[in-house]
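A.B. asks: One file: work.pdb (PDB, C-alpha atoms, pLDDT in the B column).
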```pdb
ATOM      1  CA  MET A  22     -77.466  31.579 -46.235  1.00 60.00           C
ATOM      2  CA  LYS A  23     -77.291  28.291 -48.106  1.00 67.00           C
ATOM      3  CA  HIS A  24     -78.282  25.081 -46.301  1.00 65.00           C
ATOM      4  CA  PRO A  25     -76.712  21.745 -47.128  1.00 62.00           C
ATOM      5  CA  SER A  26     -78.876  19.511 -49.239  1.00 67.00           C
ATOM      6  CA  LYS A  27     -78.072  16.401 -47.121  1.00 72.00           C
ATOM      7  CA  ILE A  28     -77.484  15.904 -43.442  1.00 71.00           C
ATOM      8  CA  ARG A  29     -74.181  14.069 -42.970  1.00 75.00           C
ATOM      9  CA  ILE A  30     -74.548  11.781 -40.000  1.00 78.00           C
ATOM     10  CA  LEU A  31     -72.379   8.783 -40.922  1.00 79.00           C
ATOM     11  CA  GLU A  32     -69.021  10.591 -40.871  1.00 79.00           C
ATOM     12  CA  PRO A  33     -69.381  12.007 -37.307  1.00 77.00           C
ATOM     13  CA  VAL A  34     -70.554   8.604 -35.995  1.00 80.00           C
ATOM     14  CA  ILE A  35     -67.575   6.828 -37.585  1.00 84.00           C
ATOM     15  CA  LEU A  36     -65.205   9.486 -36.225  1.00 81.00           C
ATOM     16  CA  PHE A  37     -66.749   9.116 -32.740  1.00 81.00           C
ATOM     17  CA  VAL A  38     -66.329   5.302 -32.815  1.00 82.00           C
ATOM     18  CA  VAL A  39     -62.720   5.525 -34.053  1.00 84.00           C
ATOM     19  CA  ILE A  40     -61.812   8.069 -31.367  1.00 82.00           C
ATOM     20  CA  GLY A  41     -63.502   5.901 -28.702  1.00 82.00           C
ATOM     21  CA  VAL A  42     -61.583   2.778 -29.764  1.00 81.00           C
ATOM     22  CA  LEU A  43     -58.331   4.742 -29.867  1.00 81.00           C
ATOM     23  CA  ILE A  44     -58.912   6.089 -26.346  1.00 81.00           C
ATOM     24  CA  VAL A  45     -59.612   2.578 -24.975  1.00 80.00           C
ATOM     25  CA  TYR A  46     -56.496   1.203 -26.697  1.00 73.00           C
ATOM     26  CA  VAL A  47     -54.197   3.985 -25.450  1.00 77.00           C
ATOM     27  CA  VAL A  48     -55.551   3.859 -21.876  1.00 75.00           C
ATOM     28  CA  ASN A  49     -54.987   0.074 -21.749  1.00 71.00           C
ATOM     29  CA  ALA A  50     -51.533   0.432 -23.311  1.00 72.00           C
ATOM     30  CA  LEU A  51     -50.540   3.010 -20.707  1.00 68.00           C
ATOM     31  CA  ASN A  52     -52.036   0.970 -17.857  1.00 70.00           C
ATOM     32  CA  THR A  53     -50.363  -2.295 -18.851  1.00 66.00           C
ATOM     33  CA  GLN A  54     -47.197  -0.604 -20.135  1.00 68.00           C
ATOM     34  CA  ASP A  55     -47.527  -2.839 -23.198  1.00 70.00           C
ATOM     35  CA  TRP A  56     -48.562  -1.747 -26.708  1.00 65.00           C
ATOM     36  CA  TRP A  57     -49.483  -5.376 -27.566  1.00 65.00           C
ATOM     37  CA  TRP A  58     -51.787  -5.920 -24.515  1.00 61.00           C
ATOM     38  CA  PHE A  59     -54.660  -7.228 -26.660  1.00 63.00           C
ATOM     39  CA  ARG A  60     -52.734 -10.319 -27.903  1.00 62.00           C
ATOM     40  CA  SER A  61     -53.087 -12.319 -24.629  1.00 60.00           C
ATOM     41  CA  GLN A  62     -49.906 -14.318 -24.994  1.00 57.00           C
ATOM     42  CA  ALA A  63     -46.370 -14.543 -23.680  1.00 58.00           C
ATOM     43  CA  VAL A  64     -43.190 -13.995 -25.625  1.00 64.00           C
ATOM     44  CA  GLU A  65     -40.370 -16.559 -25.498  1.00 69.00           C
ATOM     45  CA  VAL A  66     -41.259 -18.737 -22.530  1.00 76.00           C
ATOM     46  CA  VAL A  67     -38.022 -20.697 -22.920  1.00 83.00           C
ATOM     47  CA  PRO A  68     -36.380 -21.414 -19.546  1.00 90.00           C
ATOM     48  CA  SER A  69     -32.638 -21.439 -18.984  1.00 91.00           C
ATOM     49  CA  ARG A  70     -33.118 -24.010 -16.213  1.00 93.00           C
ATOM     50  CA  MET A  71     -35.947 -25.858 -14.501  1.00 94.00           C
ATOM     51  CA  VAL A  72     -36.337 -27.354 -11.060  1.00 94.00           C
ATOM     52  CA  ILE A  73     -38.782 -30.172 -10.377  1.00 93.00           C
ATOM     53  CA  VAL A  74     -39.695 -30.624  -6.719  1.00 93.00           C
ATOM     54  CA  GLN A  75     -41.353 -33.932  -5.824  1.00 93.00           C
ATOM     55  CA  ASP A  76     -41.985 -34.682  -2.156  1.00 91.00           C
ATOM     56  CA  GLY A  77     -39.204 -32.265  -1.215  1.00 87.00           C
ATOM     57  CA  GLU A  78     -36.598 -33.778  -3.546  1.00 91.00           C
ATOM     58  CA  ARG A  79     -35.273 -31.181  -6.003  1.00 92.00           C
ATOM     59  CA  THR A  80     -34.126 -32.149  -9.522  1.00 91.00           C
ATOM     60  CA  THR A  81     -32.450 -29.416 -11.570  1.00 92.00           C
ATOM     61  CA  LEU A  82     -32.653 -29.601 -15.347  1.00 92.00           C
ATOM     62  CA  VAL A  83     -30.422 -27.556 -17.646  1.00 92.00           C
ATOM     63  CA  PRO A  84     -30.120 -27.574 -21.435  1.00 92.00           C
ATOM     64  CA  GLY A  85     -28.716 -30.948 -22.440  1.00 89.00           C
ATOM     65  CA  SER A  86     -30.434 -32.801 -19.570  1.00 86.00           C
ATOM     66  CA  PRO A  87     -32.485 -35.779 -20.789  1.00 84.00           C
ATOM     67  CA  MET A  88     -35.916 -34.258 -20.006  1.00 89.00           C
ATOM     68  CA  PHE A  89     -35.088 -30.600 -20.598  1.00 92.00           C
ATOM     69  CA  ASP A  90     -36.052 -30.183 -24.264  1.00 91.00           C
ATOM     70  CA  ARG A  91     -39.418 -31.929 -23.988  1.00 92.00           C
ATOM     71  CA  LEU A  92     -40.389 -30.079 -20.797  1.00 93.00           C
ATOM     72  CA  ALA A  93     -39.191 -26.729 -22.190  1.00 92.00           C
ATOM     73  CA  GLU A  94     -41.294 -27.234 -25.329  1.00 92.00           C
ATOM     74  CA  ALA A  95     -44.342 -28.245 -23.275  1.00 92.00           C
ATOM     75  CA  ALA A  96     -43.859 -25.227 -21.000  1.00 91.00           C
ATOM     76  CA  GLN A  97     -43.638 -22.939 -24.051  1.00 90.00           C
ATOM     77  CA  ILE A  98     -46.932 -24.297 -25.400  1.00 90.00           C
ATOM     78  CA  SER A  99     -48.840 -24.235 -22.093  1.00 90.00           C
ATOM     79  CA  LEU A 100     -47.534 -21.014 -20.557  1.00 88.00           C
ATOM     80  CA  SER A 101     -47.519 -18.835 -23.651  1.00 86.00           C
ATOM     81  CA  HIS A 102     -51.312 -18.408 -23.666  1.00 83.00           C
ATOM     82  CA  PRO A 103     -52.783 -17.188 -20.365  1.00 84.00           C
ATOM     83  CA  ASN A 104     -56.527 -17.620 -19.885  1.00 83.00           C
ATOM     84  CA  ASN A 105     -57.626 -14.911 -17.476  1.00 76.00           C
ATOM     85  CA  THR A 106     -58.630 -11.271 -17.784  1.00 71.00           C
ATOM     86  CA  ASP A 107     -56.962 -10.164 -14.557  1.00 75.00           C
ATOM     87  CA  LEU A 108     -54.595 -11.631 -12.001  1.00 80.00           C
ATOM     88  CA  ILE A 109     -56.302 -14.301  -9.908  1.00 84.00           C
ATOM     89  CA  ASP A 110     -56.546 -13.318  -6.245  1.00 87.00           C
ATOM     90  CA  LEU A 111     -54.210 -16.096  -5.079  1.00 87.00           C
ATOM     91  CA  GLY A 112     -50.626 -16.214  -3.903  1.00 85.00           C
ATOM     92  CA  ILE A 113     -47.970 -18.662  -2.793  1.00 88.00           C
ATOM     93  CA  SER A 114     -47.798 -18.432   0.990  1.00 87.00           C
ATOM     94  CA  ASP A 115     -44.970 -19.580   3.225  1.00 89.00           C
ATOM     95  CA  ASP A 116     -47.244 -22.464   4.322  1.00 90.00           C
ATOM     96  CA  THR A 117     -47.653 -23.590   0.706  1.00 89.00           C
ATOM     97  CA  LEU A 118     -43.901 -23.415   0.094  1.00 88.00           C
ATOM     98  CA  ALA A 119     -43.347 -25.421   3.293  1.00 89.00           C
ATOM     99  CA  TYR A 120     -45.906 -27.975   2.076  1.00 89.00           C
ATOM    100  CA  TYR A 121     -43.945 -28.452  -1.162  1.00 90.00           C
ATOM    101  CA  GLU A 122     -40.743 -29.028   0.832  1.00 88.00           C
ATOM    102  CA  SER A 123     -42.148 -32.419   1.850  1.00 89.00           C
ATOM    103  CA  SER A 124     -45.191 -33.181  -0.369  1.00 90.00           C
ATOM    104  CA  GLY A 125     -46.575 -32.675  -3.849  1.00 90.00           C
ATOM    105  CA  VAL A 126     -45.001 -31.919  -7.220  1.00 92.00           C
ATOM    106  CA  LEU A 127     -43.929 -28.482  -8.327  1.00 93.00           C
ATOM    107  CA  LEU A 128     -42.173 -27.128 -11.427  1.00 94.00           C
ATOM    108  CA  GLU A 129     -40.032 -23.998 -11.189  1.00 95.00           C
ATOM    109  CA  LEU A 130     -38.841 -22.343 -14.399  1.00 95.00           C
ATOM    110  CA  TYR A 131     -36.008 -19.795 -14.451  1.00 95.00           C
ATOM    111  CA  PHE A 132     -35.248 -17.393 -17.301  1.00 93.00           C
ATOM    112  CA  ASP A 133     -32.209 -15.342 -18.306  1.00 91.00           C
ATOM    113  CA  ARG A 134     -34.468 -12.484 -19.472  1.00 89.00           C
ATOM    114  CA  PRO A 135     -37.824 -11.409 -18.043  1.00 90.00           C
ATOM    115  CA  VAL A 136     -40.842 -13.097 -19.612  1.00 86.00           C
ATOM    116  CA  GLN A 137     -43.127 -10.612 -21.349  1.00 82.00           C
ATOM    117  CA  PHE A 138     -46.829 -11.374 -21.086  1.00 80.00           C
ATOM    118  CA  HIS A 139     -49.055  -9.420 -23.467  1.00 77.00           C
ATOM    119  CA  THR A 140     -52.227  -9.167 -21.377  1.00 76.00           C
ATOM    120  CA  SER A 141     -54.867  -6.595 -20.515  1.00 68.00           C
ATOM    121  CA  TYR A 142     -53.389  -6.337 -16.990  1.00 71.00           C
ATOM    122  CA  ARG A 143     -49.915  -5.735 -15.578  1.00 75.00           C
ATOM    123  CA  THR A 144     -47.837  -8.837 -15.080  1.00 79.00           C
ATOM    124  CA  GLY A 145     -44.497  -7.272 -14.214  1.00 81.00           C
ATOM    125  CA  GLU A 146     -41.236  -8.663 -15.548  1.00 86.00           C
ATOM    126  CA  PRO A 147     -40.912 -12.124 -14.000  1.00 91.00           C
ATOM    127  CA  THR A 148     -37.693 -14.094 -14.371  1.00 93.00           C
ATOM    128  CA  GLN A 149     -39.151 -17.184 -12.722  1.00 94.00           C
ATOM    129  CA  LEU A 150     -42.444 -19.060 -12.926  1.00 94.00           C
ATOM    130  CA  LEU A 151     -43.820 -21.638 -10.501  1.00 94.00           C
ATOM    131  CA  VAL A 152     -46.315 -24.268 -11.675  1.00 93.00           C
ATOM    132  CA  PRO A 153     -48.066 -26.497  -9.099  1.00 94.00           C
ATOM    133  CA  ILE A 154     -48.331 -29.943 -10.713  1.00 93.00           C
ATOM    134  CA  GLU A 155     -49.747 -32.023  -7.842  1.00 92.00           C
ATOM    135  CA  GLY A 156     -50.766 -30.751  -4.408  1.00 89.00           C
ATOM    136  CA  ARG A 157     -51.850 -27.286  -3.283  1.00 88.00           C
ATOM    137  CA  HIS A 158     -53.140 -25.004  -6.074  1.00 90.00           C
ATOM    138  CA  ALA A 159     -52.667 -27.798  -8.649  1.00 88.00           C
ATOM    139  CA  GLY A 160     -55.340 -28.956 -11.073  1.00 88.00           C
ATOM    140  CA  ASN A 161     -56.539 -25.477 -12.075  1.00 89.00           C
ATOM    141  CA  GLY A 162     -53.882 -24.523 -14.599  1.00 91.00           C
ATOM    142  CA  TYR A 163     -52.493 -21.875 -12.240  1.00 92.00           C
ATOM    143  CA  PHE A 164     -48.958 -20.573 -12.390  1.00 92.00           C
ATOM    144  CA  PHE A 165     -47.199 -17.906 -10.361  1.00 93.00           C
ATOM    145  CA  ARG A 166     -44.653 -15.262 -11.312  1.00 92.00           C
ATOM    146  CA  GLY A 167     -41.624 -14.089  -9.422  1.00 93.00           C
ATOM    147  CA  ASP A 168     -38.169 -12.574  -9.502  1.00 93.00           C
ATOM    148  CA  GLN A 169     -34.937 -12.973  -7.535  1.00 91.00           C
ATOM    149  CA  GLY A 170     -36.245 -15.808  -5.375  1.00 88.00           C
ATOM    150  CA  ALA A 171     -39.503 -14.075  -4.373  1.00 90.00           C
ATOM    151  CA  TRP A 172     -42.934 -15.209  -5.593  1.00 92.00           C
ATOM    152  CA  TRP A 173     -45.446 -12.484  -6.360  1.00 91.00           C
ATOM    153  CA  PHE A 174     -49.095 -12.371  -5.381  1.00 90.00           C
ATOM    154  CA  GLY A 175     -51.584 -12.983  -8.173  1.00 87.00           C
ATOM    155  CA  ALA A 176     -51.826 -16.196 -10.136  1.00 89.00           C
ATOM    156  CA  MET A 177     -52.277 -16.577 -13.858  1.00 89.00           C
ATOM    157  CA  ARG A 178     -54.055 -19.474 -15.579  1.00 90.00           C
ATOM    158  CA  MET A 179     -52.866 -21.471 -18.598  1.00 88.00           C
ATOM    159  CA  ALA A 180     -55.384 -21.778 -21.424  1.00 88.00           C
ATOM    160  CA  ASN A 181     -54.180 -25.342 -22.070  1.00 90.00           C
ATOM    161  CA  PRO A 182     -52.084 -26.966 -19.321  1.00 93.00           C
ATOM    162  CA  ALA A 183     -52.354 -30.423 -20.964  1.00 92.00           C
ATOM    163  CA  PRO A 184     -49.018 -30.361 -22.872  1.00 93.00           C
ATOM    164  CA  LEU A 185     -47.081 -29.534 -19.701  1.00 93.00           C
ATOM    165  CA  LEU A 186     -49.017 -32.000 -17.548  1.00 94.00           C
ATOM    166  CA  ASP A 187     -48.660 -34.731 -20.192  1.00 93.00           C
ATOM    167  CA  ALA A 188     -44.894 -34.198 -20.335  1.00 93.00           C
ATOM    168  CA  MET A 189     -44.604 -34.350 -16.534  1.00 92.00           C
ATOM    169  CA  ALA A 190     -46.714 -37.538 -16.440  1.00 93.00           C
ATOM    170  CA  ALA A 191     -44.615 -39.093 -19.243  1.00 92.00           C
ATOM    171  CA  PHE A 192     -41.537 -38.678 -17.044  1.00 91.00           C
ATOM    172  CA  GLY A 193     -43.286 -40.446 -14.151  1.00 89.00           C
ATOM    173  CA  TYR A 194     -44.364 -37.493 -12.011  1.00 91.00           C
ATOM    174  CA  ARG A 195     -47.739 -37.384 -10.261  1.00 88.00           C
ATOM    175  CA  VAL A 196     -50.095 -34.953 -11.986  1.00 88.00           C
ATOM    176  CA  ASP A 197     -53.333 -33.409 -10.719  1.00 86.00           C
ATOM    177  CA  ARG A 198     -55.464 -32.573 -13.737  1.00 82.00           C
ATOM    178  CA  GLY A 199     -58.454 -31.494 -11.589  1.00 78.00           C
ATOM    179  CA  ALA A 200     -60.552 -28.727 -13.145  1.00 58.00           C
ATOM    180  CA  ALA A 201     -57.903 -28.247 -15.849  1.00 47.00           C
ATOM    181  CA  ALA A 202     -58.950 -31.545 -17.477  1.00 49.00           C
ATOM    182  CA  SER A 203     -62.324 -30.078 -18.395  1.00 45.00           C
ATOM    183  CA  ASN A 204     -60.812 -26.969 -20.069  1.00 42.00           C
TER     184      ASN A 204
END
```
If you took the structure in this file and wrote it as structure tokens, what would it be?
C.D. replies:
Amino acid sequence: MKHPSKIRILEPVILFVVIGVLIVYVVNALNTQDWWWFRSQAVEVVPSRMVIVQDGERTTLVPGSPMFDRLAEAAQISLSHPNNTDLIDLGISDDTLAYYESSGVLLELYFDRPVQFHTSYRTGEPTQLLVPIEGRHAGNGYFFRGDQGAWWFGAMRMANPAPLLDAMAAFGYRVDRGAAASN
């Protein structure tokens, strides 16, 4: 029986590492139902219409409205890069929605196609996003997902809410920068 002259340790270690990485990738891809989960970004956050609610007064913006293009661009920049590793344990309650019927500033974005978020957690296929600008849940960069008029539990956080908040402030809306100003 002939023994090998060298012990080959590097090849099995490399194979083990590659298989381990592949397993982690596939498990996350199956869990999130997204092959691009590691990118941590959203695809095409371009709304078909927006609703600004200030102290209960609703203003609907559609393409061609004076503020639409600037707000849509700011929303694309701010919302396309979430900054959390899981959904934040926070929801929009009926009390919070009632609060916004008479106080605070809120931005609702509606989409013709579901927004795809490439994240390491499931985000569903939202066709609407809600961004508290001033009032409850504002000042932390939070936004909420929803579909067909219902808001889902679990907030997401913008990596950089400043472009959206700056655009809202430029149009004269009250803005709570809170903890988001230090990000």
A.B. asks: With only C-alpha atoms as the atoms that count, which of A:Gly175, A:Gly125, A:Pro182, A:Pro147 lies nearest to Asn161 of chain A?
C.D. replies: A:Pro182
A.B. asks: Could you list, as a ChimeraX atom specification, every residue matched by the PyMOL selection byres ((chain A and resi 158) around 12) in this structure?
C.D. replies: /A:109,111-114,117-118,120-121,125-127,151-157,159-165,176-178,196-201
A.B. asks: Identify all residues satisfying the PyMOL selection byres ((chain A and resi 167) around 9) in the given file; provide them as a list in words.
C.D. replies: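 Applied to this file, the PyMOL selection byres ((chain A and resi 167) around 9) selects Gly145, Glu146, Pro147, Thr148, Gln149, Leu150, Leu151, Phe165, Arg166, Asp168, Gln169, Gly170, Ala171, Trp172, Trp173 and Phe174 of chain A.
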A.B. asks: Next, dump the selected residues to file, keeping only C-alpha atoms, as a short mmCIF file (atom, residue, chain, number, x, y, z; two decimals), keeping the file's coordinate frame.
C.D. replies:
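Result file selection_31.cif:
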```
data_model
loop_
_atom_site.label_atom_id
_atom_site.label_comp_id
_atom_site.auth_asym_id
_atom_site.auth_seq_id
_atom_site.Cartn_x
_atom_site.Cartn_y
_atom_site.Cartn_z
CA GLY A 145 -44.50 -7.27 -14.21
CA GLU A 146 -41.24 -8.66 -15.55
CA PRO A 147 -40.91 -12.12 -14.00
CA THR A 148 -37.69 -14.09 -14.37
CA GLN A 149 -39.15 -17.18 -12.72
CA LEU A 150 -42.44 -19.06 -12.93
CA LEU A 151 -43.82 -21.64 -10.50
CA PHE A 165 -47.20 -17.91 -10.36
CA ARG A 166 -44.65 -15.26 -11.31
CA ASP A 168 -38.17 -12.57 -9.50
CA GLN A 169 -34.94 -12.97 -7.54
CA GLY A 170 -36.24 -15.81 -5.38
CA ALA A 171 -39.50 -14.08 -4.37
CA TRP A 172 -42.93 -15.21 -5.59
CA TRP A 173 -45.45 -12.48 -6.36
CA PHE A 174 -49.10 -12.37 -5.38
#
```
A.B. asks: Would you mind reading off the distance between atom CA of Pro84 of chain A and atom CA of Arg195 of chain A, one decimal, in Å?
C.D. replies: 23.1 Å
A.B. asks: Tell me, as a ChimeraX atom specification, which residues lie within 10 Å of Ile98 of chain A, counting all atoms listed in the file; anything in the same chain fewer than 3 positions away does not count.
C.D. replies: /A:63,66-67,92-95,101-102,179-185
A.B. asks: Using C-alpha atoms, can you write the selected residues to a file as a short mmCIF file (atom, residue, chain, number, x, y, z; two decimals), keeping the file's coordinate frame?
C.D. replies:
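So result-v9.cif came out as:
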```cif
data_model
loop_
_atom_site.label_atom_id
_atom_site.label_comp_id
_atom_site.auth_asym_id
_atom_site.auth_seq_id
_atom_site.Cartn_x
_atom_site.Cartn_y
_atom_site.Cartn_z
CA ALA A 63 -46.37 -14.54 -23.68
CA VAL A 66 -41.26 -18.74 -22.53
CA VAL A 67 -38.02 -20.70 -22.92
CA LEU A 92 -40.39 -30.08 -20.80
CA ALA A 93 -39.19 -26.73 -22.19
CA GLU A 94 -41.29 -27.23 -25.33
CA ALA A 95 -44.34 -28.24 -23.28
CA SER A 101 -47.52 -18.84 -23.65
CA HIS A 102 -51.31 -18.41 -23.67
CA MET A 179 -52.87 -21.47 -18.60
CA ALA A 180 -55.38 -21.78 -21.42
CA ASN A 181 -54.18 -25.34 -22.07
CA PRO A 182 -52.08 -26.97 -19.32
CA ALA A 183 -52.35 -30.42 -20.96
CA PRO A 184 -49.02 -30.36 -22.87
CA LEU A 185 -47.08 -29.53 -19.70
#
```
